[in-house]
Structure formats: C-alpha cells, structure tokens
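Enquirer: Next comes the structure file work14.txt, holding compact mmCIF, C-alpha atoms.
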```
# COMPACT_ATOMS: atom_id res chain seq x y z
CA GLN A 1 -49.88 47.76 -25.98
CA VAL A 2 -48.29 45.04 -28.08
CA GLN A 3 -46.93 42.09 -26.15
CA LEU A 4 -45.23 38.96 -27.41
CA VAL A 5 -44.53 36.23 -24.86
CA GLU A 6 -42.41 33.26 -25.90
CA SER A 7 -42.17 29.89 -24.23
CA GLY A 8 -40.86 26.43 -24.98
CA GLY A 9 -37.11 26.85 -25.11
CA GLY A 10 -34.70 24.59 -23.30
CA LEU A 11 -31.80 22.18 -23.54
CA VAL A 12 -31.99 19.31 -26.01
CA GLN A 13 -29.56 16.86 -27.54
CA ALA A 14 -28.65 17.03 -31.18
CA GLY A 15 -31.32 15.35 -33.27
CA GLY A 16 -34.04 16.25 -30.79
CA SER A 17 -37.07 18.49 -31.12
CA LEU A 18 -38.55 21.53 -29.42
CA ARG A 19 -41.66 23.56 -30.03
CA LEU A 20 -41.64 27.27 -29.32
CA SER A 21 -44.83 29.21 -28.71
CA CYS A 22 -45.50 32.93 -28.84
CA ALA A 23 -48.68 34.43 -27.45
CA ALA A 24 -49.48 37.82 -28.92
CA SER A 25 -51.71 40.59 -27.60
CA GLY A 26 -52.41 44.18 -28.55
CA ILE A 27 -52.68 43.40 -32.27
CA VAL A 28 -55.30 42.00 -34.60
CA PHE A 29 -53.51 38.70 -34.76
CA SER A 30 -55.43 37.22 -37.68
CA VAL A 31 -54.12 39.88 -40.09
CA ALA A 32 -50.62 40.21 -38.66
CA SER A 33 -47.49 38.70 -40.14
CA MET A 34 -45.49 36.86 -37.50
CA GLY A 35 -41.97 35.53 -37.39
CA TRP A 36 -39.11 34.12 -35.39
CA TYR A 37 -35.64 35.57 -35.17
CA ARG A 38 -32.65 33.98 -33.51
CA GLN A 39 -29.38 35.37 -32.27
CA ALA A 40 -26.39 33.30 -31.26
CA PRO A 41 -23.54 34.73 -29.16
CA GLY A 42 -21.27 36.89 -31.27
CA LYS A 43 -23.50 36.63 -34.31
CA GLU A 44 -26.05 38.89 -35.93
CA ARG A 45 -29.73 38.30 -35.50
CA GLU A 46 -31.28 36.34 -38.35
CA LEU A 47 -34.86 35.73 -39.40
CA VAL A 48 -35.54 32.02 -39.11
CA ALA A 49 -39.13 31.81 -40.32
CA ALA A 50 -42.10 34.02 -41.07
CA ILE A 51 -45.78 33.45 -41.73
CA ILE A 52 -48.34 35.84 -43.17
CA SER A 53 -52.06 36.03 -42.51
CA THR A 54 -52.89 33.60 -45.33
CA GLY A 55 -50.61 30.98 -43.79
CA ASN A 56 -47.91 31.23 -46.42
CA SER A 57 -44.49 30.92 -44.87
CA ASN A 58 -40.82 31.18 -45.66
CA TYR A 59 -37.66 29.94 -43.98
CA LEU A 60 -33.98 30.56 -43.56
CA ASP A 61 -32.16 28.10 -45.84
CA ALA A 62 -30.34 26.58 -42.87
CA VAL A 63 -33.61 25.39 -41.28
CA LYS A 64 -35.65 24.40 -44.34
CA GLY A 65 -37.04 20.91 -43.96
CA ARG A 66 -36.38 20.88 -40.20
CA PHE A 67 -38.42 23.80 -38.81
CA THR A 68 -42.10 24.55 -39.33
CA ILE A 69 -43.85 27.79 -38.44
CA SER A 70 -47.59 27.74 -37.87
CA ARG A 71 -50.28 29.93 -36.36
CA ASP A 72 -53.49 29.51 -34.41
CA ASN A 73 -55.59 32.61 -34.95
CA ALA A 74 -58.14 31.51 -32.34
CA GLN A 75 -55.39 31.43 -29.71
CA ASN A 76 -53.41 34.44 -31.00
CA THR A 77 -50.39 32.18 -30.98
CA VAL A 78 -47.59 31.41 -33.40
CA TYR A 79 -45.47 28.28 -33.12
CA LEU A 80 -42.09 27.14 -34.30
CA GLN A 81 -41.67 23.38 -34.44
CA MET A 82 -37.98 22.56 -34.54
CA ASN A 83 -36.91 19.03 -35.47
CA SER A 84 -33.52 17.43 -36.11
CA LEU A 85 -31.91 20.14 -34.04
CA LYS A 86 -28.21 20.82 -34.47
CA PRO A 87 -25.69 22.48 -32.14
CA GLU A 88 -25.57 25.41 -34.57
CA ASP A 89 -29.25 26.06 -33.84
CA THR A 90 -28.25 27.16 -30.33
CA ALA A 91 -29.43 30.74 -29.87
CA VAL A 92 -31.95 32.98 -28.20
CA TYR A 93 -35.14 32.83 -30.25
CA TYR A 94 -37.38 35.88 -30.46
CA CYS A 95 -40.94 36.15 -31.67
CA THR A 96 -41.56 39.17 -33.87
CA THR A 97 -44.30 41.11 -35.56
CA SER A 98 -44.62 44.45 -37.28
CA TRP A 99 -47.72 46.37 -36.33
CA ARG A 100 -48.61 49.85 -37.55
CA GLY A 101 -45.07 50.38 -38.82
CA VAL A 102 -43.33 49.33 -35.61
CA GLU A 103 -41.39 46.10 -35.20
CA TYR A 104 -41.85 44.31 -31.91
CA LEU A 105 -39.83 41.48 -30.38
CA GLY A 106 -40.59 39.31 -27.41
CA GLN A 107 -38.22 38.81 -24.51
CA GLY A 108 -36.66 35.75 -26.11
CA THR A 109 -36.31 32.11 -25.15
CA GLN A 110 -33.04 30.23 -25.00
CA VAL A 111 -32.57 27.12 -27.12
CA THR A 112 -29.44 25.10 -26.44
CA VAL A 113 -28.57 22.03 -28.49
CA SER A 114 -25.84 19.80 -27.11
CA SER A 115 -23.68 17.61 -29.33
```
Please express what this file holds, its structure, as structure tokens.

Expert:
Amino acid sequence: QVQLVESGGGLVQAGGSLRLSCAASGIVFSVASMGWYRQAPGKERELVAAIISTGNSNYLDAVKGRFTISRDNAQNTVYLQMNSLKPEDTAVYYCTTSWRGVEYLGQGTQVTVSS
C-alpha cells in the first residue's frame, strides 16, 4: 500500500521560508520519481517541482530560484525547501509519485503566506 505523508506547512510572512517533508512507504523509494503539486482556491493543480532517482530536478517557472526539491533515499523522504515566499504561493501542497502506472498524492499540507 503506497502512502505519502506530508508535514511542514503553516503560516509565514512574505519573504519567509518553510520546508515541507513527505515520507513515502509502499514503494522502492530510491528508484521512484517524486514531486510536489500545489492547488490554490479556485485554481487548477500545478506541478511545482519534481525529482527523479538520479537527483535531477525541474521546477515550475514561478518558483525557480526560490524553491529546492531534494530527497533522502535512506529516509524515504522528499523535501521542498521554500524560500522568499510570496502570497501567491499560498496553496495546499501535495506530495506525489507514480508507482506501477498509478499516480498517488498525499493528504496535503496547507501553506499560507501573509503579505
């Protein structure tokens, strides 16, 4: 059974930082591609960042230079370090992976950035 459990969201002022964590189970984490989606109220879900097994990563243009995705294969955990946060980063953030042809999302963690 694949499980993705996020943590680390919260309320922060503009310009601040947060680090999200996602603990994965039920997959062979070291070979899995991992990512983070976000969804703001009234908007479509968008892929913020993704990282493959080799460590190569890519980012949504709006977060390039501010967010960093990383992984710890020993801990089966993927992280999203978010710096210089802006009010438009406010959203529910979801950890995601695709395993054996099925996409999984975690329960989500709320990130709220006040101006």

Enquirer: Pick from A:Asn76, A:Asn83, A:Thr112, A:Ser7: nearest to Lys64 in chain A, with all atoms listed in the file counted?

Expert: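 When distances to Lys64 in chain A are compared using all atoms listed in the file, the smallest one comes from A:Asn83.
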
Enquirer: Env of Glu103 in chain A: 10 Å cut, atoms = all atoms listed in the file, seq-sep filter 6 positions within chain, self excluded. Answer as a VMD selection string.

Expert: chain A and resid 2 96 to 97

Enquirer: Using only C-alpha atoms, please write the residues we just selected to a file, as a JSON list (two decimals), keeping the file's coordinate frame.

Expert:
```json
[["chain", "number", "residue", "atom", "x", "y", "z"],
["A", 2, "VAL", "CA", -48.29, 45.04, -28.08],
["A", 96, "THR", "CA", -41.56, 39.17, -33.87],
["A", 97, "THR", "CA", -44.30, 41.11, -35.56]]
```

Enquirer: Neighbours of Arg19 in chain A within 9 Å (all atoms listed in the file; same-chain residues fewer than 6 positions away dropped), as a list in words?

Expert: Ser7, Gly8, Gly9, Tyr79, Leu80, Gln81, Met82 and Asn83 of chain A

Enquirer: Go through A:Met34, A:Ala40, A:Cys22, A:Val63 and flag the residue nearest Thr77 in chain A, using all atoms listed in the file for the distances.

Expert: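 The shortest atom-to-atom distance to Thr77 in chain A comes from A:Cys22.
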
Enquirer: Between A:Gln75, A:Ser33, A:Ser21, A:Thr54, which is the closest to Thr109 in chain A once you count all atoms listed in the file?

Expert: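 Checking each candidate against Thr109 in chain A, we get A:Ser21 as the closest.
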
Enquirer: Which one is closest to Leu60 in chain A: A:Gly42, A:Asp72, A:Tyr37, A:Ala23? Count only C-alpha atoms.

Expert: A:Tyr37

Enquirer: Just checking: using only C-alpha atoms, which residue out of A:Ala32, A:Ile69, A:Val102, A:Leu4 ends up closest to Ile52 in chain A?

Expert: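 Closest to Ile52 in chain A of all the choices is A:Ala32.
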
Enquirer: If you measure from CA of Gln107 in chain A to CA of Gly65 in chain A, what distance in Å do you get, rounded to one decimal?

Expert: 26.5 Å

Enquirer: Out of A:Leu18, A:Val78, A:Ala49, A:Leu105, which residue has the shortest atom-to-atom distance to Gln3 in chain A when counting all atoms listed in the file?

Expert: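 Distance minimum relative to Gln3 in chain A lands on A:Leu105.
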
Enquirer: Please report the interatomic distance between CA of Val5 in chain A and CA of Gly26 in chain A in Å with one decimal.

Expert: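 If I compute the distance from CA of Val5 in chain A to CA of Gly26 in chain A, I get 11.8 Å.
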
Enquirer: Go ahead and compute the interatomic distance for CA of Ala24 in chain A and CA of Gln39 in chain A, in Å to one decimal.

Expert: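 Between these atoms lies a distance of 20.5 Å.
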
Enquirer: Got a sec: who's within 10 Å of Ala14 in chain A, counting all atoms listed in the file, leaving out chain neighbours fewer than 6 positions off, as a PyMOL selection string?

Expert: chain A and resi 83-89+112-115
